[in-house]
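This report refers to the structure that appears directly beneath it.
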Amino acid sequence: MTLGPLLLLSFVAGLVGAMAGMGGGVVLIPALTLAGEDIKRAIAVSTISVIATSSGAASAYVRDHVTNLKVGMFLEMFTIIGAIVGASLTVASSTRPLFILFGVVLLASWTALWVQRNRPWRAPPTQDGLSRWLELAGAYDDQASGQHIAYRATRAGLGGPLMFVAGLVAGLLGIGAGALKVLIHDLVMGLPPKVSTTTSNLIIGVTALAGTSVYLAAGMIDAGLAAPVIVGVTIGAFAGTRILLRVSNETVHRVFRWVLFVLGLEMIVRGLRGGG
C-alpha cells in the first residue's frame, strides 16, 4: 500500500477509534490484509495504532475531565495481563476460530444494546462495597446537553475479570477490544456512555502497549509500515475527540451500536475465509 492511501486509511481508523472508544483496528486490519499484508503482522501494526489512538484521544478527554482515571487505572491491571496472554497465543497459534468467536460475541453484545436502545442512561441506584472503597465515582459537564452529570460505578468485582477477557481479545486480534470494554463500562458498571467511551480510550492504549511488547519481541512489527500508521491515526484521533464532546450521549450510543454490528459481521466473514 502506498503512503497516501495508508495515511488516509490510518486517519479514518483513528477517527473511528476515538469516536467509538476503540482502537481503529476494525478499519486497519481488513484493509492491510486485503492489500496483501500477513494477518499476524497486520495485527501487530494495528496494536501500535491502538497506542496512537489512545494517546491522541485520551489526552484530550482527560483534559476535559470526562475520563474517569480511577476506573481506568483499576481495570488496566486486568487488561494488561489479558493482553500479554492474548498476544502470546497469536504468535504461537492460528487465529481463525478466534475471529469467528469474537464476531459472535460482538453480535450478541450488539443485540443486547439494540434491545436497550430506547432506554436512556440512568445512574445505578446503589453502589457495592468494593466500588465504594475504590472511590469509583465522578462527574462531568456535558457540552451537548449543558448538564452536570454525576455518576457512581458499580460491580467493580465483576468488571475486573471481564476486563481480563477484553484484554485477552485485544492481544489476540490487535483491535483494542474497545467494543467489549465500552460494553463492560456501560452494561456492567453503569457508567454514562461518554465516560464509557473516554475511559475505554485510556485503557486500550495501556492494553496495547502490553501486547506490543510481545509482538516486538517476536519481530513481527514492520517499522516502515508502522510509522505512517501512527501519524495518520494520531491526527484522526484528535479530530474524533472534538466531535465526540459536541454530540449527545444517545448519538454516541447509536454510532457505537453500528460499529459493533459491522465489526461482528466482519470478524465472522474473515474467520470463515481463513482469517485473510
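Letters A, B, ... mark the chains of the C-alpha cells in the order given; residue numbers begin at 1 per chain; ligand numbers begin at 1, in order shown.
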Any idea what's packed within 10 Å of A:Ser59, counting only C-alpha atoms, ignoring anything in its chain fewer than 3 positions away? Could you give it as a ChimeraX atom specification? /A:54-56,62-64,67,198,201-202,238,241
Write the residues you've just listed into a file as a PDB file, in the first residue's frame, and include all heavy atoms for each of them.
ATOM      1  N   SER A  54      -5.128   5.955  21.397  1.00  0.00           N
ATOM      2  CA  SER A  54      -5.317   6.246  22.817  1.00  0.00           C
ATOM      3  C   SER A  54      -4.565   7.509  23.224  1.00  0.00           C
ATOM      4  O   SER A  54      -5.097   8.349  23.954  1.00  0.00           O
ATOM      5  CB  SER A  54      -4.836   5.057  23.655  1.00  0.00           C
ATOM      6  OG  SER A  54      -4.945   5.326  25.027  1.00  0.00           O
ATOM      7  N   SER A  55      -3.327   7.654  22.743  1.00  0.00           N
ATOM      8  CA  SER A  55      -2.526   8.827  23.107  1.00  0.00           C
ATOM      9  C   SER A  55      -3.178  10.107  22.608  1.00  0.00           C
ATOM     10  O   SER A  55      -3.234  11.122  23.310  1.00  0.00           O
ATOM     11  CB  SER A  55      -1.115   8.696  22.530  1.00  0.00           C
ATOM     12  OG  SER A  55      -0.470   7.553  23.031  1.00  0.00           O
ATOM     13  N   GLY A  56      -3.694  10.057  21.357  1.00  0.00           N
ATOM     14  CA  GLY A  56      -4.299  11.247  20.781  1.00  0.00           C
ATOM     15  C   GLY A  56      -5.633  11.594  21.404  1.00  0.00           C
ATOM     16  O   GLY A  56      -5.937  12.770  21.635  1.00  0.00           O
ATOM     17  N   VAL A  62      -8.989  13.455  29.083  1.00  0.00           N
ATOM     18  CA  VAL A  62      -8.552  13.698  30.466  1.00  0.00           C
ATOM     19  C   VAL A  62      -8.540  15.201  30.745  1.00  0.00           C
ATOM     20  O   VAL A  62      -8.972  15.661  31.808  1.00  0.00           O
ATOM     21  CB  VAL A  62      -7.158  13.085  30.704  1.00  0.00           C
ATOM     22  CG1 VAL A  62      -6.601  13.534  32.059  1.00  0.00           C
ATOM     23  CG2 VAL A  62      -7.229  11.562  30.658  1.00  0.00           C
ATOM     24  N   ARG A  63      -8.068  15.973  29.790  1.00  0.00           N
ATOM     25  CA  ARG A  63      -8.026  17.431  29.954  1.00  0.00           C
ATOM     26  C   ARG A  63      -9.419  18.007  30.147  1.00  0.00           C
ATOM     27  O   ARG A  63      -9.614  18.949  30.931  1.00  0.00           O
ATOM     28  CB  ARG A  63      -7.381  18.059  28.709  1.00  0.00           C
ATOM     29  CG  ARG A  63      -7.275  19.582  28.751  1.00  0.00           C
ATOM     30  CD  ARG A  63      -6.990  20.113  27.362  1.00  0.00           C
ATOM     31  NE  ARG A  63      -8.076  19.796  26.454  1.00  0.00           N
ATOM     32  CZ  ARG A  63      -7.928  19.642  25.134  1.00  0.00           C
ATOM     33  NH1 ARG A  63      -6.743  19.753  24.580  1.00  0.00           N
ATOM     34  NH2 ARG A  63      -8.970  19.361  24.371  1.00  0.00           N
ATOM     35  N   ASP A  64     -10.409  17.433  29.468  1.00  0.00           N
ATOM     36  CA  ASP A  64     -11.783  17.920  29.576  1.00  0.00           C
ATOM     37  C   ASP A  64     -12.544  17.277  30.732  1.00  0.00           C
ATOM     38  O   ASP A  64     -13.757  17.464  30.854  1.00  0.00           O
ATOM     39  CB  ASP A  64     -12.525  17.670  28.257  1.00  0.00           C
ATOM     40  CG  ASP A  64     -11.983  18.536  27.126  1.00  0.00           C
ATOM     41  OD1 ASP A  64     -11.693  19.716  27.386  1.00  0.00           O
ATOM     42  OD2 ASP A  64     -11.837  18.028  26.000  1.00  0.00           O
ATOM     43  N   THR A  67     -12.924  11.570  31.254  1.00  0.00           N
ATOM     44  CA  THR A  67     -12.377  10.256  31.589  1.00  0.00           C
ATOM     45  C   THR A  67     -12.338  10.055  33.106  1.00  0.00           C
ATOM     46  O   THR A  67     -11.992  10.969  33.844  1.00  0.00           O
ATOM     47  CB  THR A  67     -10.948  10.120  31.037  1.00  0.00           C
ATOM     48  OG1 THR A  67     -10.983  10.277  29.616  1.00  0.00           O
ATOM     49  CG2 THR A  67     -10.353   8.767  31.380  1.00  0.00           C
ATOM     50  N   THR A 198     -14.665   7.422  26.729  1.00  0.00           N
ATOM     51  CA  THR A 198     -13.408   8.113  27.019  1.00  0.00           C
ATOM     52  C   THR A 198     -12.493   7.285  27.921  1.00  0.00           C
ATOM     53  O   THR A 198     -11.278   7.261  27.727  1.00  0.00           O
ATOM     54  CB  THR A 198     -13.680   9.477  27.675  1.00  0.00           C
ATOM     55  OG1 THR A 198     -14.479   9.296  28.852  1.00  0.00           O
ATOM     56  CG2 THR A 198     -14.433  10.399  26.725  1.00  0.00           C
ATOM     57  N   ASN A 201     -10.874   4.651  25.885  1.00  0.00           N
ATOM     58  CA  ASN A 201      -9.747   5.173  25.115  1.00  0.00           C
ATOM     59  C   ASN A 201      -8.470   5.206  25.950  1.00  0.00           C
ATOM     60  O   ASN A 201      -7.373   4.984  25.426  1.00  0.00           O
ATOM     61  CB  ASN A 201     -10.068   6.586  24.615  1.00  0.00           C
ATOM     62  CG  ASN A 201     -10.615   6.581  23.205  1.00  0.00           C
ATOM     63  OD1 ASN A 201      -9.939   6.146  22.272  1.00  0.00           O
ATOM     64  ND2 ASN A 201     -11.832   7.048  23.035  1.00  0.00           N
ATOM     65  N   LEU A 202      -8.590   5.497  27.219  1.00  0.00           N
ATOM     66  CA  LEU A 202      -7.423   5.492  28.095  1.00  0.00           C
ATOM     67  C   LEU A 202      -6.894   4.070  28.279  1.00  0.00           C
ATOM     68  O   LEU A 202      -5.677   3.822  28.182  1.00  0.00           O
ATOM     69  CB  LEU A 202      -7.802   6.090  29.454  1.00  0.00           C
ATOM     70  CG  LEU A 202      -6.728   6.040  30.539  1.00  0.00           C
ATOM     71  CD1 LEU A 202      -5.581   6.985  30.211  1.00  0.00           C
ATOM     72  CD2 LEU A 202      -7.329   6.379  31.898  1.00  0.00           C
ATOM     73  N   PHE A 238      -7.358  12.868  17.290  1.00  0.00           N
ATOM     74  CA  PHE A 238      -7.606  14.221  17.781  1.00  0.00           C
ATOM     75  C   PHE A 238      -8.893  14.786  17.186  1.00  0.00           C
ATOM     76  O   PHE A 238      -9.688  15.437  17.874  1.00  0.00           O
ATOM     77  CB  PHE A 238      -6.425  15.135  17.440  1.00  0.00           C
ATOM     78  CG  PHE A 238      -5.341  15.132  18.477  1.00  0.00           C
ATOM     79  CD1 PHE A 238      -4.062  14.692  18.159  1.00  0.00           C
ATOM     80  CD2 PHE A 238      -5.592  15.559  19.767  1.00  0.00           C
ATOM     81  CE1 PHE A 238      -3.050  14.686  19.117  1.00  0.00           C
ATOM     82  CE2 PHE A 238      -4.592  15.558  20.737  1.00  0.00           C
ATOM     83  CZ  PHE A 238      -3.312  15.114  20.405  1.00  0.00           C
ATOM     84  N   THR A 241     -11.984  13.271  18.924  1.00  0.00           N
ATOM     85  CA  THR A 241     -12.293  13.794  20.257  1.00  0.00           C
ATOM     86  C   THR A 241     -13.098  15.081  20.186  1.00  0.00           C
ATOM     87  O   THR A 241     -13.987  15.321  21.009  1.00  0.00           O
ATOM     88  CB  THR A 241     -11.000  14.065  21.060  1.00  0.00           C
ATOM     89  OG1 THR A 241     -10.217  15.066  20.393  1.00  0.00           O
ATOM     90  CG2 THR A 241     -10.182  12.810  21.224  1.00  0.00           C
TER      91      THR A 241
END
Residues of stretch 115-256 of chain A in strand (DSSP E or B), written as a ChimeraX atom specification: /A:137-141,148-152
Could I get the residues of stretch 179-226 of chain A with an atom no further than 10 Å from an atom of stretch 70-89 of chain A, each paired with its nearest atom pair and that distance in Å to one decimal, using only C-alpha atoms, sorted by chain and residue number, as a tab-separated table?
residue	atom	partner	partner_atom	distance
A:Lys181	CA	A:Thr79	CA	9.5
A:His185	CA	A:Val71	CA	9.1
A:Met189	CA	A:Val71	CA	9.7
A:Leu191	CA	A:Val71	CA	9.9
A:Val195	CA	A:Val71	CA	10.0
A:Ser196	CA	A:Gly72	CA	9.8
A:Thr198	CA	A:Gly72	CA	9.6
A:Thr199	CA	A:Gly72	CA	5.9
A:Ser200	CA	A:Gly72	CA	7.5
A:Asn201	CA	A:Gly72	CA	9.3
A:Leu202	CA	A:Gly72	CA	6.7
A:Ile203	CA	A:Gly72	CA	5.8
A:Ile204	CA	A:Thr79	CA	8.4
A:Gly205	CA	A:Glu76	CA	9.6
A:Val206	CA	A:Glu76	CA	7.0
A:Thr207	CA	A:Ile80	CA	5.0
A:Ala208	CA	A:Ala83	CA	7.1
A:Leu209	CA	A:Ile80	CA	8.3
A:Ala210	CA	A:Ile80	CA	5.8
A:Gly211	CA	A:Ala83	CA	5.1
A:Thr212	CA	A:Ala87	CA	7.9
A:Ser213	CA	A:Ile84	CA	8.1
A:Val214	CA	A:Ala87	CA	6.2
A:Tyr215	CA	A:Ala87	CA	7.0
A:Ala218	CA	A:Ser88	CA	9.3
DSSP-assigned helix (DSSP H, G or I) among stretch 70-217 of chain A, expressed as a JSON list (two decimals) with C-alpha atoms, in the first residue's frame:
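Output below, filename selection.json:
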[["chain", "number", "residue", "atom", "x", "y", "z"],
["A", 70, "LYS", "CA", -9.69, 5.74, 38.94],
["A", 71, "VAL", "CA", -11.91, 3.38, 36.94],
["A", 72, "GLY", "CA", -9.32, 3.23, 34.16],
["A", 73, "MET", "CA", -6.35, 2.51, 36.41],
["A", 74, "PHE", "CA", -8.22, -0.19, 38.34],
["A", 75, "LEU", "CA", -9.31, -2.02, 35.17],
["A", 76, "GLU", "CA", -5.93, -1.66, 33.43],
["A", 77, "MET", "CA", -4.43, -4.17, 35.85],
["A", 78, "PHE", "CA", -6.66, -6.86, 34.38],
["A", 79, "THR", "CA", -6.40, -5.86, 30.72],
["A", 80, "ILE", "CA", -2.58, -5.78, 30.76],
["A", 81, "ILE", "CA", -2.37, -9.41, 31.90],
["A", 82, "GLY", "CA", -5.01, -10.43, 29.36],
["A", 83, "ALA", "CA", -3.21, -8.64, 26.50],
["A", 84, "ILE", "CA", 0.11, -10.35, 27.21],
["A", 85, "VAL", "CA", -1.58, -13.76, 27.29],
["A", 86, "GLY", "CA", -3.57, -13.00, 24.12],
["A", 87, "ALA", "CA", -0.61, -11.70, 22.10],
["A", 88, "SER", "CA", 1.44, -14.73, 23.10],
["A", 89, "LEU", "CA", -1.33, -17.01, 21.81],
["A", 90, "THR", "CA", -1.50, -15.10, 18.50],
["A", 91, "VAL", "CA", 2.23, -15.50, 17.94],
["A", 92, "ALA", "CA", 2.03, -19.24, 18.62],
["A", 96, "ARG", "CA", -9.20, -18.35, 12.52],
["A", 97, "PRO", "CA", -11.58, -19.75, 15.18],
["A", 98, "LEU", "CA", -10.93, -16.72, 17.36],
["A", 99, "PHE", "CA", -12.16, -14.35, 14.65],
["A", 100, "ILE", "CA", -15.41, -16.29, 14.41],
["A", 101, "LEU", "CA", -15.87, -16.49, 18.19],
["A", 102, "PHE", "CA", -15.15, -12.78, 18.60],
["A", 103, "GLY", "CA", -17.64, -11.94, 15.86],
["A", 104, "VAL", "CA", -20.35, -13.99, 17.58],
["A", 105, "VAL", "CA", -19.64, -12.30, 20.93],
["A", 106, "LEU", "CA", -19.83, -8.84, 19.36],
["A", 107, "LEU", "CA", -23.10, -9.58, 17.58],
["A", 108, "ALA", "CA", -24.55, -10.89, 20.84],
["A", 109, "SER", "CA", -23.39, -7.67, 22.51],
["A", 110, "TRP", "CA", -24.95, -5.62, 19.71],
["A", 111, "THR", "CA", -28.22, -7.47, 20.29],
["A", 112, "ALA", "CA", -28.12, -6.57, 23.99],
["A", 113, "LEU", "CA", -27.56, -2.90, 23.17],
["A", 114, "TRP", "CA", -30.24, -2.93, 20.46],
["A", 115, "VAL", "CA", -32.83, -4.23, 22.93],
["A", 129, "GLY", "CA", -18.83, -2.00, 48.79],
["A", 130, "LEU", "CA", -15.77, -2.64, 46.59],
["A", 131, "SER", "CA", -16.66, 0.12, 44.13],
["A", 132, "ARG", "CA", -17.30, 2.49, 47.01],
["A", 133, "TRP", "CA", -13.98, 1.57, 48.66],
["A", 156, "ALA", "CA", -16.12, -3.50, 40.10],
["A", 157, "GLY", "CA", -15.61, -7.09, 41.27],
["A", 158, "LEU", "CA", -17.26, -8.35, 38.07],
["A", 159, "GLY", "CA", -15.86, -5.65, 35.79],
["A", 160, "GLY", "CA", -12.24, -6.56, 36.60],
["A", 161, "PRO", "CA", -12.32, -10.24, 35.49],
["A", 162, "LEU", "CA", -14.39, -9.31, 32.43],
["A", 163, "MET", "CA", -11.68, -6.77, 31.54],
["A", 164, "PHE", "CA", -9.15, -9.60, 31.58],
["A", 165, "VAL", "CA", -11.21, -11.24, 28.83],
["A", 166, "ALA", "CA", -11.33, -7.95, 26.92],
["A", 167, "GLY", "CA", -7.55, -7.64, 27.25],
["A", 168, "LEU", "CA", -7.16, -11.23, 26.03],
["A", 169, "VAL", "CA", -9.20, -10.43, 22.91],
["A", 170, "ALA", "CA", -7.22, -7.21, 22.40],
["A", 171, "GLY", "CA", -3.91, -9.07, 22.46],
["A", 172, "LEU", "CA", -5.23, -11.81, 20.18],
["A", 173, "LEU", "CA", -6.76, -9.60, 17.48],
["A", 178, "GLY", "CA", -12.75, -1.23, 22.87],
["A", 179, "ALA", "CA", -16.12, -2.67, 21.92],
["A", 180, "LEU", "CA", -16.01, -5.08, 24.83],
["A", 181, "LYS", "CA", -14.52, -2.51, 27.20],
["A", 182, "VAL", "CA", -17.28, 0.01, 26.47],
["A", 183, "LEU", "CA", -19.91, -2.68, 26.99],
["A", 184, "ILE", "CA", -18.42, -3.63, 30.35],
["A", 185, "HIS", "CA", -18.32, 0.02, 31.42],
["A", 186, "ASP", "CA", -21.86, 0.61, 30.23],
["A", 187, "LEU", "CA", -23.86, -2.54, 30.94],
["A", 188, "VAL", "CA", -21.92, -3.98, 33.90],
["A", 193, "PRO", "CA", -21.87, 6.49, 27.50],
["A", 194, "LYS", "CA", -19.36, 9.33, 27.17],
["A", 195, "VAL", "CA", -17.47, 8.25, 30.28],
["A", 196, "SER", "CA", -17.51, 4.65, 28.97],
["A", 197, "THR", "CA", -16.02, 5.74, 25.63],
["A", 198, "THR", "CA", -13.41, 8.11, 27.02],
["A", 199, "THR", "CA", -12.26, 5.75, 29.77],
["A", 200, "SER", "CA", -12.03, 2.95, 27.21],
["A", 201, "ASN", "CA", -9.75, 5.17, 25.12],
["A", 202, "LEU", "CA", -7.42, 5.49, 28.09],
["A", 203, "ILE", "CA", -7.39, 1.76, 28.85],
["A", 204, "ILE", "CA", -6.86, 0.50, 25.28],
["A", 205, "GLY", "CA", -3.53, 2.30, 24.99],
["A", 206, "VAL", "CA", -2.09, 0.65, 28.09],
["A", 207, "THR", "CA", -3.51, -2.70, 26.99],
["A", 208, "ALA", "CA", -1.99, -2.34, 23.52],
["A", 209, "LEU", "CA", 1.39, -1.38, 24.95],
["A", 210, "ALA", "CA", 1.48, -4.70, 26.80],
["A", 211, "GLY", "CA", 0.54, -6.63, 23.66],
["A", 212, "THR", "CA", 3.03, -4.70, 21.52],
["A", 213, "SER", "CA", 5.89, -5.82, 23.75],
["A", 214, "VAL", "CA", 5.13, -9.43, 22.80],
["A", 215, "TYR", "CA", 4.88, -8.68, 19.06],
["A", 216, "LEU", "CA", 8.07, -6.60, 19.16],
["A", 217, "ALA", "CA", 9.97, -9.43, 20.83]]
Given only C-alpha atoms as the counted atoms, nearest of A:Ala18, A:Val247, A:Val231, A:Met220 to A:Tyr61: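 Among the listed residues, the smallest separation from A:Tyr61 belongs to A:Ala18.
Picture a line from atom CA of A:Gly224 to atom CA of A:Arg41; it runs 12.2 Å.
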Would you mind telling me which residue in A:Leu136, A:Leu8, A:Val233, A:Leu32 lies nearest to A:Val50 when using only C-alpha atoms? A:Val233
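Checking A:Gly36, A:Pro192, A:Pro124, A:Pro228 one by one against A:Ala139, counting only C-alpha atoms, you find the shortest gap at A:Pro192.
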Between A:Leu225, A:Arg270, A:Gly264, A:Val66, which residue has the minimum interatomic distance to A:Leu6, considering only C-alpha atoms? A:Leu225
